[in-house]
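Novice: Hey, dropping protein_11.txt in here, compact mmCIF, C-alpha atoms:
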```txt
# COMPACT_ATOMS: atom_id res chain seq x y z
CA MET A 670 7.85 -55.74 47.16
CA GLN A 671 10.22 -53.18 48.68
CA GLU A 672 11.95 -52.77 45.33
CA LEU A 673 8.61 -52.02 43.63
CA ARG A 674 7.72 -49.49 46.33
CA ARG A 675 11.05 -47.69 45.83
CA GLU A 676 10.41 -47.70 42.06
CA ALA A 677 6.92 -46.32 42.62
CA ARG A 678 8.20 -43.50 44.87
CA ARG A 679 10.92 -42.65 42.34
CA LEU A 680 8.35 -42.46 39.54
CA GLU A 681 6.04 -40.37 41.72
CA ASN A 682 8.82 -37.86 42.49
CA GLU A 683 9.76 -37.63 38.83
CA LEU A 684 6.12 -37.15 37.86
CA ASP A 685 5.75 -34.41 40.44
CA LEU A 686 8.70 -32.48 38.97
CA LYS A 687 7.46 -32.97 35.41
CA LEU A 688 3.97 -31.77 36.29
CA VAL A 689 5.38 -28.65 37.97
CA SER A 690 7.44 -27.86 34.88
CA TYR A 691 4.47 -28.61 32.67
CA SER A 692 2.15 -26.27 34.59
CA ARG A 693 4.67 -23.43 34.29
CA LEU A 694 4.69 -23.45 30.49
CA ASP A 695 3.52 -20.19 28.93
CA ALA A 696 1.00 -20.76 26.11
CA SER A 697 1.78 -17.30 24.73
CA ASP A 698 5.37 -18.37 24.03
CA ALA A 699 5.61 -19.91 20.57
CA SER A 700 8.72 -21.87 21.55
CA ALA A 701 6.83 -23.50 24.46
CA SER A 702 4.68 -25.56 22.11
CA ALA A 703 7.48 -28.00 21.25
CA SER A 704 8.48 -28.21 24.94
CA ALA A 705 4.88 -28.93 25.92
CA ASP A 706 4.63 -31.77 23.42
CA GLU A 707 7.86 -33.32 24.71
CA ILE A 708 6.87 -33.03 28.40
CA GLU A 709 3.43 -34.48 27.63
CA ARG A 710 5.04 -37.54 26.07
CA GLN A 711 7.34 -37.90 29.09
CA ILE A 712 4.46 -37.59 31.57
CA ASP A 713 2.36 -40.10 29.66
CA ALA A 714 5.24 -42.56 29.76
CA LEU A 715 5.79 -42.00 33.51
CA LEU A 716 2.09 -42.46 34.28
CA ALA A 717 2.05 -45.69 32.31
CA ARG A 718 5.13 -46.97 34.16
CA LEU A 719 3.67 -45.97 37.55
CA ALA A 720 0.39 -47.71 36.73
CA GLU A 721 2.29 -50.84 35.73
CA CYS A 722 4.35 -50.65 38.94
CA ASN A 723 1.17 -50.36 41.05
CA ASP A 724 -0.36 -53.34 39.26
CA ARG A 725 2.73 -55.43 39.96
CA MET A 726 2.62 -54.42 43.63
CA SER A 727 -1.06 -55.35 43.80
CA ARG A 728 -0.41 -58.77 42.28
CA GLU A 729 2.47 -59.46 44.66
CA ALA A 730 0.42 -58.33 47.65
CA ALA A 731 -2.45 -60.57 46.58
CA ASP A 732 -0.15 -63.56 46.10
CA ALA A 733 1.50 -62.99 49.48
CA ALA A 734 -1.77 -62.23 51.28
CA GLY A 735 -0.45 -58.84 52.30
CA SER A 736 -1.36 -57.18 55.55
CA ALA A 737 -3.74 -54.28 56.04
CA THR A 738 -0.77 -51.92 56.15
CA THR A 739 0.45 -53.19 52.81
CA MET A 740 -3.02 -52.82 51.30
CA HIS A 741 -3.25 -49.29 52.68
CA THR A 742 0.13 -48.47 51.12
CA LEU A 743 -1.04 -49.83 47.77
CA GLN A 744 -4.22 -47.81 48.02
CA ARG A 745 -2.15 -44.70 48.72
CA HIS A 746 -0.01 -45.33 45.61
CA ARG A 747 -3.16 -45.77 43.50
CA GLU A 748 -4.58 -42.48 44.86
CA ILE A 749 -1.32 -40.70 44.05
CA LEU A 750 -1.45 -42.11 40.52
CA HIS A 751 -5.07 -40.98 40.21
CA ASP A 752 -4.21 -37.48 41.50
CA PHE A 753 -1.28 -37.16 39.09
CA THR A 754 -3.44 -38.32 36.20
CA GLN A 755 -6.19 -35.82 37.05
CA GLU A 756 -3.69 -32.98 37.53
CA PHE A 757 -2.05 -33.82 34.20
CA ARG A 758 -5.41 -33.81 32.37
CA LYS A 759 -6.45 -30.54 34.03
CA THR A 760 -3.15 -28.82 33.27
CA LYS A 761 -3.22 -30.13 29.71
CA ALA A 762 -6.77 -28.83 29.20
CA ASN A 763 -5.81 -25.43 30.63
CA LEU A 764 -2.79 -25.17 28.33
CA ARG A 765 -4.90 -26.18 25.34
CA SER A 766 -7.48 -23.55 26.25
CA ALA A 767 -4.80 -20.89 26.75
CA ASP A 768 -3.21 -21.86 23.44
CA GLU A 769 -6.57 -21.58 21.67
CA ARG A 770 -7.17 -18.16 23.26
CA GLN A 771 -3.71 -17.07 22.18
CA ARG A 772 -4.32 -18.27 18.64
CA LEU A 773 -7.68 -16.49 18.60
CA LEU A 774 -6.12 -13.25 19.87
CA SER A 775 -3.34 -13.56 17.30
CA SER A 776 -5.93 -14.08 14.58
CA VAL A 777 -7.91 -11.07 15.78
CA ARG A 778 -4.76 -8.93 15.92
CA GLN A 779 -3.79 -10.16 12.44
CA ASP A 780 -7.25 -9.30 11.12
CA SER A 781 -7.02 -5.92 12.77
CA ARG A 782 -3.60 -5.27 11.22
CA GLU A 783 -4.88 -6.37 7.84
CA GLN A 784 -7.88 -4.06 8.20
CA ARG A 785 -5.60 -1.18 9.19
CA ASN A 786 -3.28 -1.97 6.30
CA GLY A 787 -6.29 -2.18 4.01
CA SER A 788 -7.50 1.19 5.29
CA VAL A 789 -4.05 2.66 4.73
CA ARG A 790 -3.93 1.21 1.22
CA ALA A 791 -7.43 2.54 0.51
CA THR A 792 -6.40 5.97 1.83
CA ASP A 793 -3.25 5.90 -0.31
CA THR A 794 -5.34 4.95 -3.33
CA LEU A 795 -7.75 7.81 -2.68
CA LEU A 796 -4.88 10.25 -2.25
CA ARG A 797 -3.29 9.09 -5.49
CA GLU A 798 -6.62 9.42 -7.28
CA ARG A 799 -7.13 12.89 -5.81
CA ASN A 800 -3.63 13.94 -6.87
CA ALA A 801 -4.24 12.53 -10.34
CA ILE A 802 -7.51 14.47 -10.59
CA HIS A 803 -5.75 17.61 -9.37
CA VAL A 804 -2.99 17.18 -11.95
CA GLY A 805 -5.61 16.52 -14.64
CA ASP A 806 -7.51 19.66 -13.67
CA ARG A 807 -4.32 21.71 -13.77
CA MET A 808 -3.40 20.34 -17.19
CA ALA A 809 -6.92 21.01 -18.44
CA ASP A 810 -6.69 24.60 -17.18
CA GLU A 811 -3.34 25.00 -18.96
CA VAL A 812 -4.78 23.61 -22.20
CA LEU A 813 -7.81 25.89 -21.93
CA GLY A 814 -5.50 28.86 -21.25
CA GLN A 815 -3.43 28.02 -24.30
CA ALA A 816 -6.59 27.66 -26.38
CA GLN A 817 -7.84 31.03 -25.14
CA ALA A 818 -4.51 32.68 -25.96
CA THR A 819 -4.52 31.06 -29.42
CA ARG A 820 -8.06 32.26 -30.04
CA GLU A 821 -7.14 35.79 -29.02
CA ALA A 822 -4.05 35.69 -31.27
CA LEU A 823 -6.14 34.46 -34.20
CA GLY A 824 -8.68 37.21 -33.50
CA ALA A 825 -5.92 39.81 -33.54
CA GLN A 826 -4.54 38.38 -36.78
CA ARG A 827 -8.01 38.38 -38.29
CA GLN A 828 -8.42 42.05 -37.33
CA GLY A 829 -5.00 42.82 -38.82
CA PHE A 830 -5.94 41.01 -42.02
CA GLY A 831 -9.21 42.97 -42.14
CA SER A 832 -7.39 46.27 -41.73
CA THR A 833 -4.89 45.31 -44.43
CA ALA A 834 -7.69 44.28 -46.76
CA SER A 835 -9.44 47.59 -46.14
CA LYS A 836 -6.23 49.48 -46.96
CA LEU A 837 -5.69 47.41 -50.08
CA SER A 838 -9.28 48.04 -51.12
CA LEU A 839 -8.80 51.78 -50.54
CA ILE A 840 -5.59 51.72 -52.57
CA SER A 841 -7.32 49.80 -55.33
CA SER A 842 -10.13 52.35 -55.42
CA LEU A 843 -7.64 55.25 -55.55
CA ALA A 844 -5.50 53.66 -58.26
CA PRO A 845 -7.73 54.74 -61.21
CA ARG A 846 -7.84 58.30 -59.93
CA ALA A 847 -4.09 58.35 -59.53
CA SER A 848 -3.67 56.98 -63.02
CA ALA A 849 -6.03 59.61 -64.42
CA LEU A 850 -4.21 62.36 -62.51
CA ILE A 851 -0.85 61.16 -63.75
CA GLY A 852 -2.22 61.04 -67.29
CA ALA A 853 -3.61 64.54 -66.97
CA ILE A 854 -0.29 65.81 -65.63
CA GLY A 855 1.53 64.14 -68.50
CA ARG A 856 -0.80 65.62 -71.06
CA ARG A 857 -0.45 69.06 -69.50
CA GLN A 858 3.32 68.79 -69.48
CA LYS A 859 3.19 67.76 -73.11
CA ARG A 860 0.93 70.70 -73.95
CA ASP A 861 3.14 73.08 -71.99
CA LYS A 862 6.17 71.82 -73.88
CA MET A 863 4.35 72.37 -77.18
CA ILE A 864 3.33 75.92 -76.14
CA LEU A 865 6.85 76.63 -74.98
CA ALA A 866 8.29 75.32 -78.24
CA LEU A 867 5.77 77.43 -80.24
CA VAL A 868 6.61 80.55 -78.26
CA PHE A 869 10.29 79.89 -78.67
CA GLY A 870 9.83 79.41 -82.39
CA LEU A 871 7.84 82.62 -82.74
CA CYS A 872 10.45 84.55 -80.79
CA LEU A 873 13.20 83.09 -82.89
CA GLY A 874 11.29 84.01 -86.05
CA PHE A 875 10.72 87.57 -84.87
CA PHE A 876 14.41 87.81 -83.93
CA ILE A 877 15.49 86.66 -87.42
CA ILE A 878 13.08 89.03 -89.16
CA TYR A 879 14.26 91.86 -86.97
CA ALA A 880 17.87 91.04 -87.72
CA ILE A 881 17.37 90.94 -91.48
CA GLY A 882 15.33 94.08 -91.69
```
Written as structure tokens, how would this file's structure read?

Specialist:
Amino acid sequence: MQELRREARRLENELDLKLVSYSRLDASDASASASADEIERQIDALLARLAECNDRMSREAADAAGSATTMHTLQRHREILHDFTQEFRKTKANLRSADERQRLLSSVRQDSREQRNGSVRATDTLLRERNAIHVGDRMADEVLGQAQATREALGAQRQGFGSTASKLSLISSLAPRASALIGAIGRRQKRDKMILALVFGLCLGFFIIYAIG
């Protein structure tokens, strides 16, 4: 009986230390999850061993018709086991609740980051579209400016061609008159040459007659 009581006290002390360590786990620490699982398994095993030890003490006390003091001691061990079991369940529920809150907060923060990233991406897309529109407008203005300059150049060329055509038309209209004038001048020169030759011949004839006579 004494050996079982020492075993029960040893298990109770070990359970007390494990429960203190278990209650100090931080649910916000990702690395604490594996530690919590390991400590939970250890506490479950210790509770099972303590319950078995209490049952053995109860059977021995019943067989030996234990005294009231012995029965009180057994009742105290059962109460300690009950308290440890309740504390373990309460701490476990609190850690599960804290872990769920932490997961929920992480999910909310992740959603918030994704929304912010989505807003940033949407803003970047709008800026790129605005820049593309601005570049397109500038290119359109340049094309329109080139078209305007080309139209003005074609207009100037058309005016130059019109002026040249007018000059050519004027020259064409003056050509017959020039031809007639040139013909008249040629005929007059020919007539003047004939008159000059006639006068020269007459003078020569008079000179010969004068010389003979």

Novice: Just to confirm, what's the straight-line distance from CA of Asp685 (chain A) to CA of Gln771 (chain A) in Å (one decimal)?

Specialist: 26.9 Å

Novice: Considering all atoms listed in the file, return as an MDAnalysis selection string whatever protein or nucleic-acid residues lie within 12 Å of region 703-714 of chain A, sequence-local ones (same chain, fewer than 3 positions apart) excluded.

Specialist: chainID A and resid 680:696 698:700 717:721 750 753:754 756:758 760:762 764:765 768

Novice: Identify the residues around (3.5, -49.6, 38.3) within a radius of 12 Å, measuring from only C-alpha atoms in the coordinates stated by the file, and give them as a PyMOL selection string.

Specialist: chain A and resi 670+672-681+714-729+743+746-747+749-750

Novice: What's the separation between CA of Leu795 (chain A) and CA of Met808 (chain A), in Å to one decimal place?

Specialist: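 Calculated distance between CA of Leu795 (chain A) and CA of Met808 (chain A) is 19.7 Å.
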
Novice: To one decimal place, how far is CA of Glu748 (chain A) from CA of Gln671 (chain A) in Å?

Specialist: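 Result for CA of Glu748 (chain A) versus CA of Gln671 (chain A): 18.7 Å, one decimal.
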
Novice: Write a file for region 701-728 of chain A of the given structure; include N, CA, C and O atoms and format it as a PDB file, in the first residue's frame.

Specialist:
```
ATOM      1  N   ALA A 701       4.730  26.128 -30.960  1.00  0.00           N
ATOM      2  CA  ALA A 701       4.155  25.573 -29.737  1.00  0.00           C
ATOM      3  C   ALA A 701       3.138  24.489 -30.026  1.00  0.00           C
ATOM      4  O   ALA A 701       2.781  23.706 -29.136  1.00  0.00           O
ATOM      5  N   SER A 702       2.655  24.407 -31.250  1.00  0.00           N
ATOM      6  CA  SER A 702       1.640  23.412 -31.588  1.00  0.00           C
ATOM      7  C   SER A 702       2.164  21.998 -31.409  1.00  0.00           C
ATOM      8  O   SER A 702       1.509  21.143 -30.802  1.00  0.00           O
ATOM      9  N   ALA A 703       3.373  21.731 -31.929  1.00  0.00           N
ATOM     10  CA  ALA A 703       3.960  20.398 -31.770  1.00  0.00           C
ATOM     11  C   ALA A 703       4.236  20.094 -30.301  1.00  0.00           C
ATOM     12  O   ALA A 703       4.006  18.964 -29.830  1.00  0.00           O
ATOM     13  N   SER A 704       4.714  21.099 -29.547  1.00  0.00           N
ATOM     14  CA  SER A 704       4.972  20.906 -28.115  1.00  0.00           C
ATOM     15  C   SER A 704       3.685  20.599 -27.368  1.00  0.00           C
ATOM     16  O   SER A 704       3.660  19.741 -26.468  1.00  0.00           O
ATOM     17  N   ALA A 705       2.602  21.301 -27.726  1.00  0.00           N
ATOM     18  CA  ALA A 705       1.319  21.072 -27.074  1.00  0.00           C
ATOM     19  C   ALA A 705       0.838  19.647 -27.310  1.00  0.00           C
ATOM     20  O   ALA A 705       0.358  18.974 -26.377  1.00  0.00           O
ATOM     21  N   ASP A 706       0.964  19.165 -28.532  1.00  0.00           N
ATOM     22  CA  ASP A 706       0.537  17.798 -28.830  1.00  0.00           C
ATOM     23  C   ASP A 706       1.335  16.785 -28.008  1.00  0.00           C
ATOM     24  O   ASP A 706       0.764  15.819 -27.468  1.00  0.00           O
ATOM     25  N   GLU A 707       2.628  16.996 -27.892  1.00  0.00           N
ATOM     26  CA  GLU A 707       3.476  16.072 -27.133  1.00  0.00           C
ATOM     27  C   GLU A 707       3.119  16.091 -25.645  1.00  0.00           C
ATOM     28  O   GLU A 707       2.995  15.027 -25.000  1.00  0.00           O
ATOM     29  N   ILE A 708       2.954  17.299 -25.073  1.00  0.00           N
ATOM     30  CA  ILE A 708       2.618  17.398 -23.647  1.00  0.00           C
ATOM     31  C   ILE A 708       1.242  16.806 -23.379  1.00  0.00           C
ATOM     32  O   ILE A 708       1.012  16.161 -22.343  1.00  0.00           O
ATOM     33  N   GLU A 709       0.298  17.008 -24.300  1.00  0.00           N
ATOM     34  CA  GLU A 709      -1.037  16.423 -24.128  1.00  0.00           C
ATOM     35  C   GLU A 709      -0.956  14.899 -24.051  1.00  0.00           C
ATOM     36  O   GLU A 709      -1.626  14.265 -23.215  1.00  0.00           O
ATOM     37  N   ARG A 710      -0.159  14.304 -24.930  1.00  0.00           N
ATOM     38  CA  ARG A 710      -0.008  12.848 -24.883  1.00  0.00           C
ATOM     39  C   ARG A 710       0.620  12.399 -23.544  1.00  0.00           C
ATOM     40  O   ARG A 710       0.205  11.391 -22.948  1.00  0.00           O
ATOM     41  N   GLN A 711       1.605  13.176 -23.079  1.00  0.00           N
ATOM     42  CA  GLN A 711       2.250  12.822 -21.807  1.00  0.00           C
ATOM     43  C   GLN A 711       1.278  12.956 -20.639  1.00  0.00           C
ATOM     44  O   GLN A 711       1.243  12.085 -19.730  1.00  0.00           O
ATOM     45  N   ILE A 712       0.474  14.017 -20.634  1.00  0.00           N
ATOM     46  CA  ILE A 712      -0.489  14.212 -19.538  1.00  0.00           C
ATOM     47  C   ILE A 712      -1.558  13.131 -19.563  1.00  0.00           C
ATOM     48  O   ILE A 712      -1.966  12.600 -18.511  1.00  0.00           O
ATOM     49  N   ASP A 713      -2.042  12.793 -20.749  1.00  0.00           N
ATOM     50  CA  ASP A 713      -3.028  11.714 -20.847  1.00  0.00           C
ATOM     51  C   ASP A 713      -2.473  10.406 -20.265  1.00  0.00           C
ATOM     52  O   ASP A 713      -3.176   9.672 -19.554  1.00  0.00           O
ATOM     53  N   ALA A 714      -1.221  10.121 -20.605  1.00  0.00           N
ATOM     54  CA  ALA A 714      -0.605   8.894 -20.099  1.00  0.00           C
ATOM     55  C   ALA A 714      -0.467   8.938 -18.575  1.00  0.00           C
ATOM     56  O   ALA A 714      -0.739   7.941 -17.876  1.00  0.00           O
ATOM     57  N   LEU A 715      -0.054  10.098 -18.034  1.00  0.00           N
ATOM     58  CA  LEU A 715       0.093  10.227 -16.575  1.00  0.00           C
ATOM     59  C   LEU A 715      -1.248  10.121 -15.868  1.00  0.00           C
ATOM     60  O   LEU A 715      -1.354   9.492 -14.793  1.00  0.00           O
ATOM     61  N   LEU A 716      -2.281  10.713 -16.418  1.00  0.00           N
ATOM     62  CA  LEU A 716      -3.611  10.612 -15.810  1.00  0.00           C
ATOM     63  C   LEU A 716      -4.098   9.160 -15.797  1.00  0.00           C
ATOM     64  O   LEU A 716      -4.713   8.699 -14.805  1.00  0.00           O
ATOM     65  N   ALA A 717      -3.841   8.468 -16.899  1.00  0.00           N
ATOM     66  CA  ALA A 717      -4.247   7.061 -16.949  1.00  0.00           C
ATOM     67  C   ALA A 717      -3.487   6.238 -15.912  1.00  0.00           C
ATOM     68  O   ALA A 717      -4.068   5.365 -15.216  1.00  0.00           O
ATOM     69  N   ARG A 718      -2.196   6.486 -15.765  1.00  0.00           N
ATOM     70  CA  ARG A 718      -1.398   5.748 -14.778  1.00  0.00           C
ATOM     71  C   ARG A 718      -1.830   6.080 -13.354  1.00  0.00           C
ATOM     72  O   ARG A 718      -1.900   5.190 -12.487  1.00  0.00           O
ATOM     73  N   LEU A 719      -2.152   7.374 -13.101  1.00  0.00           N
ATOM     74  CA  LEU A 719      -2.611   7.759 -11.761  1.00  0.00           C
ATOM     75  C   LEU A 719      -3.969   7.136 -11.449  1.00  0.00           C
ATOM     76  O   LEU A 719      -4.220   6.689 -10.317  1.00  0.00           O
ATOM     77  N   ALA A 720      -4.844   7.096 -12.444  1.00  0.00           N
ATOM     78  CA  ALA A 720      -6.150   6.469 -12.218  1.00  0.00           C
ATOM     79  C   ALA A 720      -5.986   4.982 -11.917  1.00  0.00           C
ATOM     80  O   ALA A 720      -6.667   4.427 -11.015  1.00  0.00           O
ATOM     81  N   GLU A 721      -5.088   4.324 -12.659  1.00  0.00           N
ATOM     82  CA  GLU A 721      -4.838   2.913 -12.398  1.00  0.00           C
ATOM     83  C   GLU A 721      -4.251   2.709 -11.005  1.00  0.00           C
ATOM     84  O   GLU A 721      -4.621   1.758 -10.273  1.00  0.00           O
ATOM     85  N   CYS A 722      -3.331   3.598 -10.609  1.00  0.00           N
ATOM     86  CA  CYS A 722      -2.723   3.501  -9.274  1.00  0.00           C
ATOM     87  C   CYS A 722      -3.779   3.668  -8.179  1.00  0.00           C
ATOM     88  O   CYS A 722      -3.785   2.944  -7.177  1.00  0.00           O
ATOM     89  N   ASN A 723      -4.695   4.618  -8.362  1.00  0.00           N
ATOM     90  CA  ASN A 723      -5.766   4.833  -7.379  1.00  0.00           C
ATOM     91  C   ASN A 723      -6.675   3.610  -7.292  1.00  0.00           C
ATOM     92  O   ASN A 723      -7.131   3.223  -6.192  1.00  0.00           O
ATOM     93  N   ASP A 724      -6.963   3.015  -8.450  1.00  0.00           N
ATOM     94  CA  ASP A 724      -7.818   1.822  -8.438  1.00  0.00           C
ATOM     95  C   ASP A 724      -7.148   0.677  -7.681  1.00  0.00           C
ATOM     96  O   ASP A 724      -7.800  -0.068  -6.909  1.00  0.00           O
ATOM     97  N   ARG A 725      -5.849   0.526  -7.896  1.00  0.00           N
ATOM     98  CA  ARG A 725      -5.124  -0.548  -7.191  1.00  0.00           C
ATOM     99  C   ARG A 725      -5.140  -0.289  -5.680  1.00  0.00           C
ATOM    100  O   ARG A 725      -5.302  -1.225  -4.882  1.00  0.00           O
ATOM    101  N   MET A 726      -4.934   1.003  -5.294  1.00  0.00           N
ATOM    102  CA  MET A 726      -4.990   1.318  -3.869  1.00  0.00           C
ATOM    103  C   MET A 726      -6.376   1.055  -3.296  1.00  0.00           C
ATOM    104  O   MET A 726      -6.524   0.550  -2.168  1.00  0.00           O
ATOM    105  N   SER A 727      -7.406   1.338  -4.043  1.00  0.00           N
ATOM    106  CA  SER A 727      -8.768   1.106  -3.568  1.00  0.00           C
ATOM    107  C   SER A 727      -9.038  -0.380  -3.398  1.00  0.00           C
ATOM    108  O   SER A 727      -9.667  -0.806  -2.419  1.00  0.00           O
ATOM    109  N   ARG A 728      -8.540  -1.203  -4.326  1.00  0.00           N
ATOM    110  CA  ARG A 728      -8.749  -2.641  -4.222  1.00  0.00           C
ATOM    111  C   ARG A 728      -8.006  -3.221  -3.010  1.00  0.00           C
ATOM    112  O   ARG A 728      -8.527  -4.059  -2.275  1.00  0.00           O
TER     113      ARG A 728
END
```
